[in-house]
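**Q** This is the content of final35.pdb (PDB, C-alpha atoms, pLDDT in the B column):
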ATOM      1  CA  MET A   6     104.987 116.204 114.257  1.00 92.00           C
ATOM      2  CA  LYS A   7     104.477 115.006 117.826  1.00 96.00           C
ATOM      3  CA  ILE A   8     104.854 111.233 118.117  1.00 98.00           C
ATOM      4  CA  TYR A   9     103.238 109.383 120.999  1.00 98.00           C
ATOM      5  CA  ASN A  10     103.716 105.734 121.967  1.00 98.00           C
ATOM      6  CA  VAL A  11     101.071 103.047 121.502  1.00 98.00           C
ATOM      7  CA  THR A  12     101.229 102.594 125.282  1.00 97.00           C
ATOM      8  CA  ASP A  13     100.004 106.179 125.805  1.00 97.00           C
ATOM      9  CA  GLU A  14      96.435 106.764 126.952  1.00 97.00           C
ATOM     10  CA  ASN A  15      95.375 108.592 123.792  1.00 96.00           C
ATOM     11  CA  PHE A  16      96.034 105.452 121.706  1.00 98.00           C
ATOM     12  CA  ARG A  17      93.112 103.698 123.409  1.00 97.00           C
ATOM     13  CA  LYS A  18      90.481 105.185 121.070  1.00 97.00           C
ATOM     14  CA  TYR A  19      92.331 103.808 118.052  1.00 98.00           C
ATOM     15  CA  GLY A  20      93.257 100.330 119.251  1.00 98.00           C
ATOM     16  CA  LYS A  21      94.955  98.283 121.938  1.00 98.00           C
ATOM     17  CA  VAL A  22      98.302  96.627 122.585  1.00 98.00           C
ATOM     18  CA  ILE A  23      98.026  92.814 122.470  1.00 97.00           C
ATOM     19  CA  LYS A  24      99.792  91.299 125.456  1.00 94.00           C
ATOM     20  CA  ASP A  25      98.604  87.680 125.696  1.00 92.00           C
ATOM     21  CA  ILE A  26     100.111  86.296 122.467  1.00 96.00           C
ATOM     22  CA  ASP A  27     103.771  85.564 121.642  1.00 97.00           C
ATOM     23  CA  PHE A  28     104.553  87.300 118.323  1.00 98.00           C
ATOM     24  CA  SER A  29     108.264  86.460 118.208  1.00 97.00           C
ATOM     25  CA  GLY A  30     107.643  83.955 115.405  1.00 97.00           C
ATOM     26  CA  PHE A  31     106.294  86.726 113.175  1.00 98.00           C
ATOM     27  CA  VAL A  32     109.254  88.983 113.976  1.00 98.00           C
ATOM     28  CA  LYS A  33     111.810  86.273 113.165  1.00 98.00           C
ATOM     29  CA  ALA A  34     110.078  85.290 109.907  1.00 98.00           C
ATOM     30  CA  MET A  35     109.766  88.935 108.849  1.00 98.00           C
ATOM     31  CA  GLU A  36     113.479  89.448 109.429  1.00 97.00           C
ATOM     32  CA  GLU A  37     114.429  86.317 107.456  1.00 97.00           C
ATOM     33  CA  GLU A  38     111.746  86.014 104.779  1.00 96.00           C
ATOM     34  CA  THR A  39     110.726  89.523 103.709  1.00 98.00           C
ATOM     35  CA  PRO A  40     112.524  92.337 101.820  1.00 97.00           C
ATOM     36  CA  LEU A  41     113.091  95.951 102.823  1.00 98.00           C
ATOM     37  CA  PRO A  42     112.473  97.907  99.601  1.00 98.00           C
ATOM     38  CA  GLU A  43     113.283 101.566  99.021  1.00 97.00           C
ATOM     39  CA  ASP A  44     109.600 102.312  98.372  1.00 97.00           C
ATOM     40  CA  VAL A  45     106.612 100.671 100.118  1.00 98.00           C
ATOM     41  CA  GLU A  46     105.528  97.104  99.385  1.00 98.00           C
ATOM     42  CA  TYR A  47     102.313  95.542 100.675  1.00 98.00           C
ATOM     43  CA  VAL A  48     101.676  91.796 100.373  1.00 98.00           C
ATOM     44  CA  PRO A  49      98.229  90.632 101.621  1.00 98.00           C
ATOM     45  CA  GLY A  50      99.305  87.081 102.439  1.00 98.00           C
ATOM     46  CA  LEU A  51     102.610  85.225 102.760  1.00 98.00           C
ATOM     47  CA  ALA A  52     102.725  81.450 103.273  1.00 97.00           C
ATOM     48  CA  ALA A  53     105.766  81.635 105.568  1.00 97.00           C
ATOM     49  CA  LEU A  54     103.791  83.838 107.979  1.00 98.00           C
ATOM     50  CA  GLU A  55     100.438  82.107 107.656  1.00 98.00           C
ATOM     51  CA  ALA A  56     101.982  78.708 108.496  1.00 98.00           C
ATOM     52  CA  LEU A  57     103.203  79.845 111.912  1.00 98.00           C
ATOM     53  CA  PRO A  58     101.370  78.713 115.089  1.00 97.00           C
ATOM     54  CA  VAL A  59     100.736  82.333 116.083  1.00 97.00           C
ATOM     55  CA  ALA A  60      98.572  82.770 112.975  1.00 98.00           C
ATOM     56  CA  ALA A  61      96.279  79.949 114.100  1.00 97.00           C
ATOM     57  CA  GLU A  62      96.172  81.490 117.577  1.00 97.00           C
ATOM     58  CA  LEU A  63      95.092  84.849 116.130  1.00 97.00           C
ATOM     59  CA  THR A  64      92.357  83.173 114.110  1.00 97.00           C
ATOM     60  CA  VAL A  65      90.796  81.873 117.311  1.00 96.00           C
ATOM     61  CA  LYS A  66      91.550  84.598 119.848  1.00 94.00           C
ATOM     62  CA  THR A  67      91.267  87.792 117.811  1.00 95.00           C
ATOM     63  CA  PHE A  68      89.138  87.089 114.751  1.00 97.00           C
ATOM     64  CA  GLY A  69      86.578  84.767 116.325  1.00 96.00           C
ATOM     65  CA  GLU A  70      87.470  81.799 114.071  1.00 97.00           C
ATOM     66  CA  LEU A  71      87.079  83.771 110.845  1.00 96.00           C
ATOM     67  CA  PRO A  72      89.673  82.875 108.207  1.00 97.00           C
ATOM     68  CA  ILE A  73      92.549  85.355 108.113  1.00 98.00           C
ATOM     69  CA  GLN A  74      95.420  86.398 105.902  1.00 98.00           C
ATOM     70  CA  VAL A  75      98.876  87.285 107.228  1.00 98.00           C
ATOM     71  CA  GLY A  76     101.039  89.512 105.075  1.00 98.00           C
ATOM     72  CA  TYR A  77     103.288  92.506 105.481  1.00 98.00           C
ATOM     73  CA  CYS A  78     103.918  96.143 104.684  1.00 98.00           C
ATOM     74  CA  ASN A  79     107.639  96.930 104.384  1.00 98.00           C
ATOM     75  CA  GLY A  80     109.743  99.753 103.026  1.00 98.00           C
ATOM     76  CA  HIS A  81     110.671 103.374 103.512  1.00 98.00           C
ATOM     77  CA  ASN A  82     108.125 106.121 104.098  1.00 98.00           C
ATOM     78  CA  SER A  83     107.762 109.291 106.143  1.00 98.00           C
ATOM     79  CA  LYS A  84     104.453 110.799 104.936  1.00 98.00           C
ATOM     80  CA  LEU A  85     100.741 110.220 105.457  1.00 98.00           C
ATOM     81  CA  ASN A  86      99.754 110.183 101.726  1.00 98.00           C
ATOM     82  CA  ALA A  87      96.315 108.618 102.355  1.00 98.00           C
ATOM     83  CA  LEU A  88      94.083 107.073 104.991  1.00 98.00           C
ATOM     84  CA  GLU A  89      92.014 103.919 104.734  1.00 98.00           C
ATOM     85  CA  TYR A  90      89.704 101.843 106.886  1.00 98.00           C
ATOM     86  CA  HIS A  91      88.201  98.372 106.923  1.00 98.00           C
ATOM     87  CA  LYS A  92      84.946  97.026 108.338  1.00 97.00           C
ATOM     88  CA  SER A  93      87.077  94.888 110.647  1.00 97.00           C
ATOM     89  CA  SER A  94      90.033  95.157 113.002  1.00 98.00           C
ATOM     90  CA  GLU A  95      93.587  94.873 111.712  1.00 98.00           C
ATOM     91  CA  ILE A  96      96.579  93.488 113.613  1.00 98.00           C
ATOM     92  CA  ASN A  97      99.973  95.184 113.188  1.00 98.00           C
ATOM     93  CA  VAL A  98     103.119  93.495 114.508  1.00 98.00           C
ATOM     94  CA  ALA A  99     106.351  95.501 114.350  1.00 98.00           C
ATOM     95  CA  ALA A 100     109.431  93.616 113.159  1.00 98.00           C
ATOM     96  CA  THR A 101     111.261  96.964 113.344  1.00 98.00           C
ATOM     97  CA  ASP A 102     110.359 100.201 115.056  1.00 98.00           C
ATOM     98  CA  ALA A 103     107.623 101.909 113.032  1.00 98.00           C
ATOM     99  CA  ILE A 104     105.299 104.896 113.274  1.00 98.00           C
ATOM    100  CA  LEU A 105     101.543 104.714 112.649  1.00 98.00           C
ATOM    101  CA  ILE A 106      99.591 107.846 111.661  1.00 98.00           C
ATOM    102  CA  LEU A 107      95.995 107.327 112.776  1.00 98.00           C
ATOM    103  CA  GLY A 108      92.625 109.068 112.737  1.00 98.00           C
ATOM    104  CA  SER A 109      88.993 108.367 113.584  1.00 98.00           C
ATOM    105  CA  GLN A 110      86.367 107.410 111.031  1.00 98.00           C
ATOM    106  CA  GLN A 111      83.893 109.489 113.047  1.00 98.00           C
ATOM    107  CA  ASP A 112      85.757 112.624 111.890  1.00 98.00           C
ATOM    108  CA  ILE A 113      85.044 111.991 108.208  1.00 98.00           C
ATOM    109  CA  THR A 114      82.524 114.614 107.062  1.00 97.00           C
ATOM    110  CA  ASP A 115      79.277 113.959 105.210  1.00 95.00           C
ATOM    111  CA  ASP A 116      80.983 114.832 101.914  1.00 94.00           C
ATOM    112  CA  PHE A 117      83.773 112.363 102.662  1.00 96.00           C
ATOM    113  CA  THR A 118      86.609 114.684 103.551  1.00 98.00           C
ATOM    114  CA  TYR A 119      88.938 114.431 106.526  1.00 98.00           C
ATOM    115  CA  ASP A 120      91.118 117.176 107.998  1.00 98.00           C
ATOM    116  CA  THR A 121      94.630 115.795 108.476  1.00 98.00           C
ATOM    117  CA  ALA A 122      95.149 118.133 111.436  1.00 98.00           C
ATOM    118  CA  LYS A 123      93.032 115.679 113.442  1.00 98.00           C
ATOM    119  CA  ALA A 124      95.451 112.763 112.862  1.00 98.00           C
ATOM    120  CA  GLU A 125      97.953 111.575 115.479  1.00 98.00           C
ATOM    121  CA  ALA A 126     101.205 109.617 115.208  1.00 98.00           C
ATOM    122  CA  PHE A 127     102.266 106.708 117.423  1.00 98.00           C
ATOM    123  CA  LEU A 128     105.509 104.797 117.786  1.00 98.00           C
ATOM    124  CA  LEU A 129     105.067 101.029 117.430  1.00 98.00           C
ATOM    125  CA  PRO A 130     108.261  99.561 118.931  1.00 98.00           C
ATOM    126  CA  LYS A 131     109.861  96.420 117.506  1.00 98.00           C
ATOM    127  CA  GLY A 132     108.178  93.274 118.823  1.00 98.00           C
ATOM    128  CA  THR A 133     104.970  95.089 119.784  1.00 98.00           C
ATOM    129  CA  ALA A 134     101.588  94.053 118.375  1.00 98.00           C
ATOM    130  CA  VAL A 135      98.461  96.189 118.280  1.00 98.00           C
ATOM    131  CA  GLU A 136      94.881  95.694 117.252  1.00 98.00           C
ATOM    132  CA  ILE A 137      93.752  98.631 115.109  1.00 98.00           C
ATOM    133  CA  TYR A 138      89.985  99.019 115.450  1.00 98.00           C
ATOM    134  CA  ALA A 139      87.662  99.040 112.437  1.00 98.00           C
ATOM    135  CA  THR A 140      86.822 102.715 113.022  1.00 98.00           C
ATOM    136  CA  THR A 141      90.480 103.749 112.925  1.00 98.00           C
ATOM    137  CA  LEU A 142      91.879 105.426 109.836  1.00 98.00           C
ATOM    138  CA  HIS A 143      95.379 104.261 108.940  1.00 98.00           C
ATOM    139  CA  TYR A 144      97.682 103.675 105.989  1.00 98.00           C
ATOM    140  CA  ALA A 145     101.249 102.535 105.324  1.00 98.00           C
ATOM    141  CA  PRO A 146     103.505 102.825 108.382  1.00 98.00           C
ATOM    142  CA  CYS A 147     106.413 105.263 108.502  1.00 98.00           C
ATOM    143  CA  GLY A 148     110.016 104.614 109.417  1.00 98.00           C
ATOM    144  CA  VAL A 149     111.805 106.164 112.372  1.00 97.00           C
ATOM    145  CA  LYS A 150     114.344 108.878 111.498  1.00 94.00           C
ATOM    146  CA  GLY A 151     114.560 107.779 107.878  1.00 92.00           C
ATOM    147  CA  GLU A 152     115.049 104.090 108.644  1.00 96.00           C
ATOM    148  CA  GLY A 153     113.066 101.386 106.883  1.00 97.00           C
ATOM    149  CA  PHE A 154     110.195  99.534 108.524  1.00 98.00           C
ATOM    150  CA  LYS A 155     108.790  96.002 108.522  1.00 98.00           C
ATOM    151  CA  VAL A 156     105.283  95.403 109.877  1.00 98.00           C
ATOM    152  CA  THR A 157     103.215  92.225 109.754  1.00 98.00           C
ATOM    153  CA  ILE A 158      99.602  92.906 108.713  1.00 98.00           C
ATOM    154  CA  VAL A 159      96.798  90.514 109.743  1.00 98.00           C
ATOM    155  CA  LEU A 160      93.286  90.940 108.331  1.00 98.00           C
ATOM    156  CA  PRO A 161      90.203  88.877 107.486  1.00 98.00           C
ATOM    157  CA  LYS A 162      90.904  86.745 104.419  1.00 98.00           C
ATOM    158  CA  GLY A 163      90.221  88.524 101.132  1.00 97.00           C
ATOM    159  CA  THR A 164      90.821  92.057 102.424  1.00 98.00           C
ATOM    160  CA  ASN A 165      92.672  94.355  99.991  1.00 96.00           C
ATOM    161  CA  LEU A 166      92.197  91.977  97.054  1.00 96.00           C
ATOM    162  CA  ASP A 167      90.846  93.206  93.706  1.00 94.00           C
ATOM    163  CA  LEU A 168      87.214  94.261  93.448  1.00 94.00           C
ATOM    164  CA  GLU A 169      84.812  92.357  91.216  1.00 93.00           C
ATOM    165  CA  LYS A 170      82.266  95.158  90.604  1.00 88.00           C
ATOM    166  CA  GLY A 171      82.224  98.887  89.965  1.00 88.00           C
ATOM    167  CA  HIS A 172      81.621 101.246  92.880  1.00 86.00           C
ATOM    168  CA  GLU A 173      80.483 104.857  92.595  1.00 88.00           C
ATOM    169  CA  GLY A 174      79.247 107.667  94.805  1.00 89.00           C
ATOM    170  CA  GLY A 175      79.448 108.406  98.518  1.00 92.00           C
ATOM    171  CA  GLU A 176      81.246 105.888 100.684  1.00 95.00           C
ATOM    172  CA  ASP A 177      80.913 103.280  97.938  1.00 94.00           C
ATOM    173  CA  GLY A 178      83.038 105.433  95.658  1.00 95.00           C
ATOM    174  CA  HIS A 179      85.913 105.208  98.143  1.00 97.00           C
ATOM    175  CA  LEU A 180      86.044 101.398  97.991  1.00 97.00           C
ATOM    176  CA  THR A 181      89.287 100.661  96.144  1.00 97.00           C
ATOM    177  CA  ALA A 182      89.774  96.983  97.082  1.00 97.00           C
ATOM    178  CA  LYS A 183      87.799  94.383  98.998  1.00 97.00           C
ATOM    179  CA  ASN A 184      87.082  95.690 102.511  1.00 98.00           C
ATOM    180  CA  LYS A 185      89.234  98.796 101.855  1.00 98.00           C
ATOM    181  CA  TRP A 186      87.825 102.323 101.801  1.00 98.00           C
ATOM    182  CA  LEU A 187      90.390 104.989 100.852  1.00 98.00           C
ATOM    183  CA  LEU A 188      90.727 108.756 101.221  1.00 98.00           C
ATOM    184  CA  GLY A 189      93.755 109.996  99.338  1.00 98.00           C
ATOM    185  CA  HIS A 190      95.783 113.182  99.635  1.00 98.00           C
ATOM    186  CA  PRO A 191      96.357 115.208  96.438  1.00 97.00           C
ATOM    187  CA  GLU A 192     100.104 115.173  97.182  1.00 97.00           C
ATOM    188  CA  GLY A 193     100.175 111.492  98.129  1.00 97.00           C
ATOM    189  CA  GLY A 194     101.402 110.101  94.826  1.00 96.00           C
ATOM    190  CA  LEU A 195      98.479 107.681  94.480  1.00 96.00           C
ATOM    191  CA  PRO A 196      97.535 106.112  91.126  1.00 94.00           C
ATOM    192  CA  GLU A 197      95.472 108.279  88.792  1.00 93.00           C
ATOM    193  CA  GLY A 198      91.759 108.006  89.549  1.00 92.00           C
ATOM    194  CA  SER A 199      92.221 107.163  93.241  1.00 96.00           C
ATOM    195  CA  PRO A 200      89.503 108.725  95.428  1.00 97.00           C
ATOM    196  CA  MET A 201      90.674 111.818  97.279  1.00 98.00           C
ATOM    197  CA  GLY A 202      89.321 113.166 100.550  1.00 98.00           C
ATOM    198  CA  LEU A 203      92.177 114.330 102.753  1.00 98.00           C
ATOM    199  CA  VAL A 204      92.341 118.100 103.237  1.00 98.00           C
ATOM    200  CA  GLY A 205      95.158 119.954 104.939  1.00 98.00           C
ATOM    201  CA  LYS A 206      98.827 119.095 105.106  1.00 98.00           C
ATOM    202  CA  ASN A 207     100.261 115.809 103.891  1.00 98.00           C
ATOM    203  CA  LEU A 208     101.733 115.019 107.301  1.00 98.00           C
ATOM    204  CA  CYS A 209     105.376 114.009 107.676  1.00 98.00           C
ATOM    205  CA  VAL A 210     106.788 112.277 110.756  1.00 97.00           C
ATOM    206  CA  ASP A 211     110.174 113.905 110.217  1.00 94.00           C
ATOM    207  CA  GLU A 212     108.795 117.433 110.630  1.00 87.00           C
TER     208      GLU A 212
END
Kindly return the structure encoded in the file as structure tokens.
**A**
Amino acid sequence: MKIYNVTDENFRKYGKVIKDIDFSGFVKAMEEETPLPEDVEYVPGLAALEALPVAAELTVKTFGELPIQVGYCNGHNSKLNALEYHKSSEINVAATDAILILGSQQDITDDFTYDTAKAEAFLLPKGTAVEIYATTLHYAPCGVKGEGFKVTIVLPKGTNLDLEKGHEGGEDGHLTAKNKWLLGHPEGGLPEGSPMGLVGKNLCVDE
């Protein structure tokens, strides 16, 4: 699979590199305070990250004073498995090199399928932060050449928490957590009953 860099021109439709904020505090805390499991672990919010000055700066500069949560996605992964989107931007800060597989919400069909051949992969180098736009499909990062990854995830507060009501049909049927719409791949190993929608190959960054 061809892997671009987030500094390449074709990343611009998916997001932007953030250059005016110092994210070194996140990187240091991720190295010292978070695990590197053999599978993939996502934590919506971690006090050690949310207490850092850079979190307050992001609240003002990037999220327009909306309350945020700062967590992480760490582990080992090389496959797409699913794609999700939010009705808001997401900030990713790499504490290790990582690869993001991304797509465009505009390419989801009327029957809520998405052809994985349209997705693209991008290297997110250690220490780099990107804003992933609300219309960008994404999921758990991948490691580089089999290595583990650690990525800080910043989102509006409450995102990815448990739903309080049932949701069925159309886009609503793909809502699997608060502010999280999911299209799974049949070979993605998702929990039983997860909404599917990805057609084509379950992409792998090592191929």
**Q** Given the file shown, enumerate the residues that the PyMOL selection byres ((chain A and resi 87) around 7) captures and present them as a short mmCIF file (atom, residue, chain, number, x, y, z; two decimals) with C-alpha atoms, in the frame of the given file.
**A**
data_model
loop_
_atom_site.label_atom_id
_atom_site.label_comp_id
_atom_site.auth_asym_id
_atom_site.auth_seq_id
_atom_site.Cartn_x
_atom_site.Cartn_y
_atom_site.Cartn_z
CA LEU A 85 100.74 110.22 105.46
CA ASN A 86 99.75 110.18 101.73
CA LEU A 88 94.08 107.07 104.99
CA GLU A 89 92.01 103.92 104.73
CA TYR A 144 97.68 103.68 105.99
CA LEU A 188 90.73 108.76 101.22
CA GLY A 189 93.76 110.00 99.34
CA HIS A 190 95.78 113.18 99.64
CA GLY A 193 100.18 111.49 98.13
#
**Q** Figure out the distance between atom CA of A:Pro161 and atom CA of A:Leu195, please, to one decimal in Å.
**A**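 Separation of atom CA of A:Leu195 and atom CA of A:Pro161: 24.3 Å.
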**Q** With only C-alpha atoms as the basis for distance, which of A:Ala99, A:Ala60, A:Leu41, A:Ile113 is at the shortest distance from A:Trp186?
**A** A:Ile113
**Q** Using the chain letters and numbering of this document, enumerate as a ChimeraX atom specification the residues selected by the PyMOL selection byres ((chain A and resi 162) around 12).
**A** /A:49-51,55,64,68,70-76,93,95,158-161,163-166,183-184
**Q** Only C-alpha atoms, please: the residues just picked out, written as an mmCIF file, in the frame of the given file.
**A**
data_model
loop_
_atom_site.group_PDB
_atom_site.id
_atom_site.type_symbol
_atom_site.label_atom_id
_atom_site.label_comp_id
_atom_site.auth_asym_id
_atom_site.auth_seq_id
_atom_site.Cartn_x
_atom_site.Cartn_y
_atom_site.Cartn_z
ATOM 1 C CA PRO A 49 98.229 90.632 101.621
ATOM 2 C CA GLY A 50 99.305 87.081 102.439
ATOM 3 C CA LEU A 51 102.610 85.225 102.760
ATOM 4 C CA GLU A 55 100.438 82.107 107.656
ATOM 5 C CA THR A 64 92.357 83.173 114.110
ATOM 6 C CA PHE A 68 89.138 87.089 114.751
ATOM 7 C CA GLU A 70 87.470 81.799 114.071
ATOM 8 C CA LEU A 71 87.079 83.771 110.845
ATOM 9 C CA PRO A 72 89.673 82.875 108.207
ATOM 10 C CA ILE A 73 92.549 85.355 108.113
ATOM 11 C CA GLN A 74 95.420 86.398 105.902
ATOM 12 C CA VAL A 75 98.876 87.285 107.228
ATOM 13 C CA GLY A 76 101.039 89.512 105.075
ATOM 14 C CA SER A 93 87.077 94.888 110.647
ATOM 15 C CA GLU A 95 93.587 94.873 111.712
ATOM 16 C CA ILE A 158 99.602 92.906 108.713
ATOM 17 C CA VAL A 159 96.798 90.514 109.743
ATOM 18 C CA LEU A 160 93.286 90.940 108.331
ATOM 19 C CA PRO A 161 90.203 88.877 107.486
ATOM 20 C CA GLY A 163 90.221 88.524 101.132
ATOM 21 C CA THR A 164 90.821 92.057 102.424
ATOM 22 C CA ASN A 165 92.672 94.355 99.991
ATOM 23 C CA LEU A 166 92.197 91.977 97.054
ATOM 24 C CA LYS A 183 87.799 94.383 98.998
ATOM 25 C CA ASN A 184 87.082 95.690 102.511
#
**Q** Within 10 Å of (84.1, 98.3, 91.9), all atoms listed in the file: residues as number ranges by chain?
**A** A: 167-173, 177-183
**Q** For atom CA of A:Ile96 and atom CA of A:Ala124, quote the distance in Å rounded to one decimal.
**A**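 So the answer is 19.3 Å.
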**Q** Go ahead and compute the interatomic distance for atom CA of A:Gly153 and atom CA of A:Val210, in Å to one decimal.
**A** 13.2 Å
**Q** Going by the chain IDs and residue numbers used in this file, which residues fall under the PyMOL selection byres ((chain A and resi 30-34) around 10)? Write them as a ChimeraX atom specification.
**A** /A:27-29,35-39,53-55,57-60,75,98-101,131-133,155-157
**Q** When you count all atoms listed in the file, which of these residues is closest to A:Ala122: A:Tyr138, A:Asp211, A:Val11, A:Lys206?
**A**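 Answer, going by the shortest atom-to-atom distance: A:Lys206.
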**Q** Determine the nearest neighbour of A:Asp25 from the options A:Leu129, A:Leu203, A:Ala103, A:Val135, counting only C-alpha atoms.
**A**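 Closest to A:Asp25, using only C-alpha atoms: A:Val135.
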**Q** Which one of A:Asp116, A:Gly174, A:Leu105, A:Glu197 sits closest to A:His143 if you count only C-alpha atoms?
**A**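 Nearest to A:His143: A:Leu105.
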**Q** Show me, as JSON, the centre and edge lengths in Å to one decimal of the axis-aligned box that covers every listed atom of stretch 192-203 of chain A with 6 Å on each side.
**A**
{"center_x": 95.4, "center_y": 110.6, "center_z": 95.8, "size_x": 24.1, "size_y": 21.1, "size_z": 26.0}
**Q** Go through A:Asn79, A:Thr140, A:Asn10, A:Thr67 and flag the residue nearest A:Ile104, using all atoms listed in the file for the distances.
**A**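 Answer, going by the shortest atom-to-atom distance: A:Asn10.
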**Q** Compile the contact shell of A:Lys123 as a PyMOL selection string: residues with an atom at most 10 Å away, counting all atoms listed in the file, same-chain residues fewer than 4 positions apart removed.
**A** chain A and resi 107-109+112+119+205
**Q** Name all residues at most 7 Å from stretch 43-47 of chain A (count all atoms listed in the file; drop same-chain ones fewer than 6 positions away) and give them as a list in words.
**A**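 My reading of the contact set: Tyr77, Cys78, Asn79, Gly80, His81 and Asn82 of chain A.
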**Q** For the residues selected in the previous step, produce a file with C-alpha atoms as a PDB file, in the frame of the given file.
**A**
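Final output, again_30.pdb:
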ATOM      1  CA  TYR A  77     103.288  92.506 105.481  1.00 98.00           C
ATOM      2  CA  CYS A  78     103.918  96.143 104.684  1.00 98.00           C
ATOM      3  CA  ASN A  79     107.639  96.930 104.384  1.00 98.00           C
ATOM      4  CA  GLY A  80     109.743  99.753 103.026  1.00 98.00           C
ATOM      5  CA  HIS A  81     110.671 103.374 103.512  1.00 98.00           C
ATOM      6  CA  ASN A  82     108.125 106.121 104.098  1.00 98.00           C
TER       7      ASN A  82
END
**Q** Considering only C-alpha atoms, state which residue in the set A:Val149, A:Ala139, A:Leu63, A:Ile23 is at the smallest distance from A:Glu212.
**A**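 Nearest candidate to A:Glu212 out of A:Val149, A:Ala139, A:Leu63, A:Ile23: A:Val149.
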**Q** Would you please take stretch 106-112 of chain A of the structure in the block above and write all heavy atoms to a file as a PDB file, in the first residue's frame?
**A**
ATOM      1  N   ILE A 106      -4.946   5.683   7.954  1.00  0.00           N
ATOM      2  CA  ILE A 106      -5.655   5.342   6.723  1.00  0.00           C
ATOM      3  C   ILE A 106      -6.931   6.177   6.693  1.00  0.00           C
ATOM      4  O   ILE A 106      -7.754   6.086   7.608  1.00  0.00           O
ATOM      5  CB  ILE A 106      -5.984   3.851   6.643  1.00  0.00           C
ATOM      6  CG1 ILE A 106      -4.714   3.005   6.761  1.00  0.00           C
ATOM      7  CG2 ILE A 106      -6.691   3.536   5.324  1.00  0.00           C
ATOM      8  CD1 ILE A 106      -4.960   1.506   6.736  1.00  0.00           C
ATOM      9  N   LEU A 107      -7.083   6.995   5.650  1.00  0.00           N
ATOM     10  CA  LEU A 107      -8.139   8.000   5.622  1.00  0.00           C
ATOM     11  C   LEU A 107      -8.974   7.907   4.352  1.00  0.00           C
ATOM     12  O   LEU A 107      -8.519   7.445   3.314  1.00  0.00           O
ATOM     13  CB  LEU A 107      -7.522   9.401   5.702  1.00  0.00           C
ATOM     14  CG  LEU A 107      -6.567   9.665   6.870  1.00  0.00           C
ATOM     15  CD1 LEU A 107      -5.973  11.062   6.756  1.00  0.00           C
ATOM     16  CD2 LEU A 107      -7.282   9.494   8.209  1.00  0.00           C
ATOM     17  N   GLY A 108     -10.212   8.372   4.454  1.00  0.00           N
ATOM     18  CA  GLY A 108     -11.107   8.471   3.308  1.00  0.00           C
ATOM     19  C   GLY A 108     -11.981   9.690   3.448  1.00  0.00           C
ATOM     20  O   GLY A 108     -11.894  10.429   4.434  1.00  0.00           O
ATOM     21  N   SER A 109     -12.867   9.898   2.484  1.00  0.00           N
ATOM     22  CA  SER A 109     -13.754  11.062   2.483  1.00  0.00           C
ATOM     23  C   SER A 109     -15.193  10.623   2.689  1.00  0.00           C
ATOM     24  O   SER A 109     -15.676   9.698   2.010  1.00  0.00           O
ATOM     25  CB  SER A 109     -13.648  11.822   1.155  1.00  0.00           C
ATOM     26  OG  SER A 109     -12.362  12.384   1.005  1.00  0.00           O
ATOM     27  N   GLN A 110     -15.877  11.294   3.596  1.00  0.00           N
ATOM     28  CA  GLN A 110     -17.283  10.998   3.848  1.00  0.00           C
ATOM     29  C   GLN A 110     -18.118  11.161   2.578  1.00  0.00           C
ATOM     30  O   GLN A 110     -19.103  10.462   2.372  1.00  0.00           O
ATOM     31  CB  GLN A 110     -17.814  11.912   4.949  1.00  0.00           C
ATOM     32  CG  GLN A 110     -19.243  11.601   5.386  1.00  0.00           C
ATOM     33  CD  GLN A 110     -19.739  12.556   6.448  1.00  0.00           C
ATOM     34  OE1 GLN A 110     -18.968  13.355   6.996  1.00  0.00           O
ATOM     35  NE2 GLN A 110     -21.019  12.501   6.755  1.00  0.00           N
ATOM     36  N   GLN A 111     -17.705  12.059   1.702  1.00  0.00           N
ATOM     37  CA  GLN A 111     -18.437  12.305   0.461  1.00  0.00           C
ATOM     38  C   GLN A 111     -18.479  11.075  -0.444  1.00  0.00           C
ATOM     39  O   GLN A 111     -19.318  10.988  -1.340  1.00  0.00           O
ATOM     40  CB  GLN A 111     -17.811  13.485  -0.289  1.00  0.00           C
ATOM     41  CG  GLN A 111     -17.957  14.818   0.421  1.00  0.00           C
ATOM     42  CD  GLN A 111     -16.814  15.112   1.393  1.00  0.00           C
ATOM     43  OE1 GLN A 111     -16.161  14.193   1.892  1.00  0.00           O
ATOM     44  NE2 GLN A 111     -16.574  16.380   1.677  1.00  0.00           N
ATOM     45  N   ASP A 112     -17.590  10.102  -0.217  1.00  0.00           N
ATOM     46  CA  ASP A 112     -17.551   8.895  -1.031  1.00  0.00           C
ATOM     47  C   ASP A 112     -18.406   7.764  -0.470  1.00  0.00           C
ATOM     48  O   ASP A 112     -18.446   6.673  -1.045  1.00  0.00           O
ATOM     49  CB  ASP A 112     -16.107   8.418  -1.197  1.00  0.00           C
ATOM     50  CG  ASP A 112     -15.286   9.328  -2.091  1.00  0.00           C
ATOM     51  OD1 ASP A 112     -15.862   9.883  -3.049  1.00  0.00           O
ATOM     52  OD2 ASP A 112     -14.076   9.497  -1.837  1.00  0.00           O
TER      53      ASP A 112
END
